[in-house]
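For reference, the structure is listed below as structure tokens.
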Amino acid sequence: MIGNLLKNLPQACGEESIELLLKQSGVRLERIVSHGETSPPGFWYDQPEDEWVLVLSGFGEIAFADGRVVTLSPGEHLLIPAHCRHRVEKTDPTGATVWLALFLPPA
């Protein structure tokens with residue numbers, strides 16, 4: 001089946017939209033669409049798997065518990081190791097930020 005990650009985007013609804021694209025053998029691939037959403041105040045992701053993220057459109061700002069902040073623009077990607085505490089600090093409030101997130105067993 002042919003798909004297009006930038007077509008049929010969900011409308012803004014006050015929370016990120018997560019679409020499972022693939023799941024097999026400990027690997028999960030998701031399309032995440034944000035319309036200015038961020039992580040709730042004080043919330044940190046602390047996931048048991050590695051997460052590789054790619055921004056396809058818009059932008060995303062990821063903050064880490066150690067104080068680092070990384071801004072990803074279209075085409076930029078980042079590997080977040082398992083149990084690396086992070087949060088979504090900012091996404092594009094004027095349009096859709098489309099992320100591709102690949103979750104896989106820790107290296």
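By convention in this document, the chains of the structure tokens carry letters A, B, ... by their order, each chain's residues are numbered from 1, and ligands are numbered from 1 in the order they are shown.
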Using only C-alpha atoms, which protein or nucleic acid residues come within 9 Å of stretch 37-51 of chain A? Drop anything in the same chain fewer than 2 positions from it, and give the result as a compact mmCIF listing (two decimals) with N, CA, C and O atoms, in the first residue's frame.
# COMPACT_ATOMS: atom_id res chain seq x y z
N GLY A 14 -6.43 20.20 20.00
CA GLY A 14 -5.98 20.44 21.37
C GLY A 14 -5.01 19.41 21.90
O GLY A 14 -4.48 19.55 22.99
N GLU A 15 -4.77 18.34 21.13
CA GLU A 15 -3.77 17.36 21.52
C GLU A 15 -3.15 16.76 20.27
O GLU A 15 -3.73 16.79 19.19
N GLU A 16 -1.93 16.22 20.43
CA GLU A 16 -1.26 15.59 19.31
C GLU A 16 -2.07 14.40 18.79
O GLU A 16 -2.76 13.72 19.55
N SER A 34 1.35 17.52 15.35
CA SER A 34 1.17 18.51 16.42
C SER A 34 0.74 19.83 15.80
O SER A 34 1.19 20.20 14.71
N HIS A 35 -0.12 20.54 16.49
CA HIS A 35 -0.57 21.87 16.07
C HIS A 35 -0.31 22.85 17.21
O HIS A 35 -1.24 23.42 17.78
N VAL A 53 13.50 10.30 16.06
CA VAL A 53 12.46 11.20 15.55
C VAL A 53 12.99 12.00 14.36
O VAL A 53 14.15 12.38 14.32
N PHE A 64 15.58 18.50 27.26
CA PHE A 64 16.06 17.34 28.00
C PHE A 64 16.25 17.71 29.46
O PHE A 64 16.51 18.87 29.80
N ALA A 65 16.15 16.73 30.33
CA ALA A 65 16.24 16.97 31.77
C ALA A 65 17.60 17.55 32.18
O ALA A 65 17.70 18.23 33.20
N LEU A 78 16.84 12.98 15.16
CA LEU A 78 17.53 12.88 16.44
C LEU A 78 17.25 11.51 17.03
O LEU A 78 16.10 11.02 16.96
N LEU A 79 18.25 10.89 17.63
CA LEU A 79 18.08 9.64 18.36
C LEU A 79 18.07 9.96 19.85
O LEU A 79 19.01 10.55 20.38
N ILE A 80 16.99 9.55 20.51
CA ILE A 80 16.85 9.76 21.95
C ILE A 80 17.00 8.39 22.61
O ILE A 80 16.16 7.51 22.41
N PRO A 81 18.08 8.18 23.37
CA PRO A 81 18.29 6.88 24.00
C PRO A 81 17.20 6.55 25.02
O PRO A 81 16.57 7.45 25.59
N ALA A 82 17.01 5.26 25.25
CA ALA A 82 16.06 4.81 26.27
C ALA A 82 16.36 5.49 27.61
O ALA A 82 17.53 5.71 27.95
N HIS A 83 15.32 5.85 28.31
CA HIS A 83 15.38 6.46 29.65
C HIS A 83 16.07 7.82 29.67
O HIS A 83 16.46 8.28 30.74
N CYS A 84 16.21 8.46 28.53
CA CYS A 84 16.71 9.83 28.47
C CYS A 84 15.47 10.73 28.63
O CYS A 84 14.64 10.83 27.72
N ARG A 85 15.35 11.36 29.79
CA ARG A 85 14.15 12.15 30.07
C ARG A 85 14.11 13.36 29.14
O ARG A 85 15.07 14.12 29.03
N HIS A 86 12.94 13.52 28.48
CA HIS A 86 12.77 14.62 27.52
C HIS A 86 11.31 15.01 27.46
O HIS A 86 10.44 14.31 27.96
N ARG A 87 11.06 16.15 26.86
CA ARG A 87 9.71 16.67 26.71
C ARG A 87 9.63 17.51 25.43
O ARG A 87 10.64 18.02 24.95
N VAL A 88 8.42 17.64 24.90
CA VAL A 88 8.20 18.51 23.74
C VAL A 88 7.95 19.91 24.30
O VAL A 88 6.96 20.15 24.99
N GLU A 89 8.86 20.80 24.03
CA GLU A 89 8.81 22.16 24.57
C GLU A 89 8.00 23.10 23.69
O GLU A 89 7.35 24.02 24.17
N LYS A 90 8.08 22.86 22.36
CA LYS A 90 7.38 23.75 21.43
C LYS A 90 7.20 23.05 20.10
O LYS A 90 8.06 22.30 19.67
N THR A 91 6.04 23.31 19.45
CA THR A 91 5.82 22.88 18.06
C THR A 91 5.20 24.07 17.33
O THR A 91 4.78 25.05 17.96
N ASP A 92 5.14 23.97 16.03
CA ASP A 92 4.66 25.07 15.19
C ASP A 92 3.20 25.41 15.50
O ASP A 92 2.31 24.61 15.25
N PRO A 93 2.93 26.60 16.04
CA PRO A 93 1.55 26.98 16.37
C PRO A 93 0.76 27.48 15.16
O PRO A 93 -0.46 27.63 15.23
N ALA A 101 8.22 8.98 14.21
CA ALA A 101 8.88 8.47 15.40
C ALA A 101 9.05 6.96 15.29
O ALA A 101 8.06 6.25 15.09
N LEU A 102 10.28 6.52 15.41
CA LEU A 102 10.59 5.09 15.36
C LEU A 102 11.07 4.68 16.74
O LEU A 102 12.05 5.22 17.26
N PHE A 103 10.36 3.73 17.34
CA PHE A 103 10.70 3.22 18.67
C PHE A 103 11.30 1.83 18.48
O PHE A 103 10.74 0.99 17.78
N LEU A 104 12.46 1.58 19.11
CA LEU A 104 13.14 0.31 18.93
C LEU A 104 13.85 -0.10 20.21
O LEU A 104 14.09 0.75 21.07
N PRO A 105 14.18 -1.38 20.35
CA PRO A 105 14.84 -1.81 21.57
C PRO A 105 16.12 -1.02 21.80
O PRO A 105 16.80 -0.63 20.83
N PRO A 106 16.48 -0.79 23.07
CA PRO A 106 17.70 -0.01 23.34
C PRO A 106 18.94 -0.68 22.76
O PRO A 106 19.02 -1.91 22.71
N ALA A 107 19.84 0.15 22.32
CA ALA A 107 21.10 -0.37 21.73
C ALA A 107 21.95 -1.03 22.80
O ALA A 107 21.89 -0.72 23.94
TODO: May I have the residues within 9 Å of A:Leu56 as a PyMOL selection string, using only C-alpha atoms and disregarding those fewer than 6 positions away in the same chain?
DONE: chain A and resi 5-6+73-76+97-100
Near A:Ile18, counting only C-alpha atoms, which residues have an atom at most 7 Å away, once you skip same-chain residues fewer than 5 positions from it, shown as a compact mmCIF listing (two decimals) with N, CA, C and O atoms, in the first residue's frame?
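Result file selection.txt:
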# COMPACT_ATOMS: atom_id res chain seq x y z
N GLU A 30 5.47 5.52 14.21
CA GLU A 30 4.29 6.37 14.36
C GLU A 30 4.45 7.66 13.57
O GLU A 30 5.56 8.20 13.46
N ARG A 31 3.33 8.15 13.06
CA ARG A 31 3.26 9.52 12.55
C ARG A 31 2.57 10.32 13.64
O ARG A 31 1.47 9.98 14.08
N ILE A 32 3.22 11.39 14.06
CA ILE A 32 2.67 12.26 15.09
C ILE A 32 2.45 13.63 14.46
O ILE A 32 3.35 14.17 13.82
N VAL A 33 1.25 14.18 14.65
CA VAL A 33 0.94 15.50 14.10
C VAL A 33 0.61 16.42 15.28
O VAL A 33 -0.27 16.12 16.09
